[in-house]
Structures are given as C-alpha cells and as structure tokens.
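File shown here: run_37.txt, holding compact mmCIF, C-alpha atoms.
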# COMPACT_ATOMS: atom_id res chain seq x y z
CA MET A 1 89.28 244.84 9.95
CA GLY A 2 88.60 248.40 10.92
CA LEU A 3 88.91 250.21 14.19
CA SER A 4 85.93 249.76 16.43
CA ILE A 5 84.83 252.30 19.02
CA THR A 6 86.40 250.15 21.73
CA HIS A 7 89.79 250.26 19.99
CA ILE A 8 89.60 254.03 19.57
CA ILE A 9 88.73 254.54 23.26
CA ILE A 10 91.63 252.33 24.35
CA LEU A 11 94.02 254.28 22.10
CA LEU A 12 92.79 257.61 23.49
CA VAL A 13 93.27 256.41 27.08
CA ILE A 14 96.81 255.25 26.30
CA VAL A 15 97.64 258.58 24.65
CA LEU A 16 96.19 260.43 27.64
CA LEU A 17 98.31 258.36 30.02
CA ILE A 18 101.50 258.85 28.00
CA PHE A 19 101.25 262.58 27.28
CA GLY A 20 99.05 263.77 30.14
CA PRO A 21 96.06 266.11 29.97
CA LYS A 22 98.19 269.28 29.97
CA ASN A 23 100.21 268.30 26.90
CA LEU A 24 97.32 267.08 24.73
CA PRO A 25 96.40 270.55 23.36
CA LYS A 26 100.04 271.17 22.42
CA LEU A 27 100.20 267.75 20.78
CA GLY A 28 97.02 268.43 18.80
CA GLN A 29 98.34 271.81 17.68
CA SER A 30 101.65 270.28 16.58
CA ILE A 31 99.89 267.57 14.60
CA GLY A 32 97.63 270.18 12.95
CA GLU A 33 100.61 272.32 11.94
CA ALA A 34 102.40 269.26 10.58
CA ILE A 35 99.39 268.32 8.46
CA LYS A 36 99.11 271.90 7.13
CA GLY A 37 102.81 271.91 6.25
CA PHE A 38 102.51 268.56 4.54
CA LYS A 39 99.55 269.70 2.43
CA LYS A 40 101.34 272.94 1.54
CA GLY A 41 104.41 270.96 0.55
CA LEU A 42 102.34 268.74 -1.71
CA SER A 43 100.72 271.68 -3.46
CA ASP A 44 104.09 273.45 -3.82
CA ASN A 45 105.62 270.34 -5.39
CA GLU A 46 102.79 270.11 -7.89
CA ILE A 47 103.57 273.64 -9.05
CA ASP A 48 107.28 272.85 -9.16
CA VAL A 49 106.70 269.74 -11.24
CA THR A 50 104.71 271.72 -13.77
CA ASN A 51 107.38 274.40 -14.01
CA THR A 52 110.11 271.79 -14.30
CA ARG A 53 108.21 269.96 -17.04
CA ASP A 54 107.89 273.20 -19.02
CA ARG A 55 111.61 273.94 -18.60
CA ILE A 56 112.50 270.42 -19.80
CA LYS A 57 110.31 270.85 -22.89
CA GLU A 58 112.00 274.18 -23.67
CA ALA A 59 115.43 272.64 -23.19
CA ASP A 60 114.55 269.72 -25.47
CA THR A 61 113.31 272.10 -28.16
CA THR A 62 116.47 274.21 -27.90
CA HIS A 63 118.70 271.14 -27.89
CA SER A 64 117.02 269.56 -30.92
CA THR A 65 117.19 272.86 -32.86
CA SER A 66 120.91 273.31 -32.15
CA HIS A 67 121.52 269.66 -33.01
CA LYS A 68 119.84 270.13 -36.42
CA VAL A 69 121.99 273.19 -37.12
CA GLU A 70 125.14 271.21 -36.30
CA GLU A 71 124.07 268.39 -38.65
CA LYS A 72 123.51 270.87 -41.50
CA GLU A 73 126.96 272.40 -40.95
CA LYS A 74 128.55 268.92 -41.06
CA ASP A 75 126.75 268.14 -44.33
CA LYS A 76 128.14 271.34 -45.89
CA VAL A 77 131.73 270.36 -45.11

Now, as a test, write the supplied structure out as structure tokens.
Amino acid sequence: MGLSITHIIILLVIVLLIFGPKNLPKLGQSIGEAIKGFKKGLSDNEIDVTNTRDRIKEADTTHSTSHKVEEKEKDKV
C-alpha cells in the first residue's frame, strides 16, 4: 500500500497544525540541511573506507614481510 493523495493532504494538515505556518519554512530549511549533511557524511565515509582499505593492505604487506624475515632468522639458528 502506498500513500494516496488523501493521506498526503491529511499529513500536511496535521504538520501545519502542529508546527504552525510561521515555523514551516524553518522546519523545511532544517530538514534540507540535515539531508545535505547526511549525504556529505555518506560520501566522506566512502572516501574514508577506501583510504582505510589501502592502509590495511599496506599493513598486511609490511606484516607479512617482517614475519618472513623472522622465520628466516629462526631457521638460521
């Protein structure tokens, strides 16, 4: 079931009654800023994830290389 036009009109009337006509522009602006911040946060996290993945790969490479060196030193002893 989706929202029909009647449901949307009823919701808008309820919102108008709760917040009043003077506060609706402020409410709309706040919601818009929240959505912008949310989208920015999502795009920032995507960049962070990529950077973190690269750092993990570098750490794994470094760790495996140092581990191989330690094994060779143990074999020599």

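The coordinates place atom CA of A:Gly41 at 18.2 Å from atom CA of A:Gln29.
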
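When atom CA of A:Phe38 is paired with atom CA of A:Leu24, their separation reads 20.9 Å.
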
Atomic distance atom CA of A:Leu11 - atom CA of A:Lys40, expressed in Å with one decimal | 28.7 Å
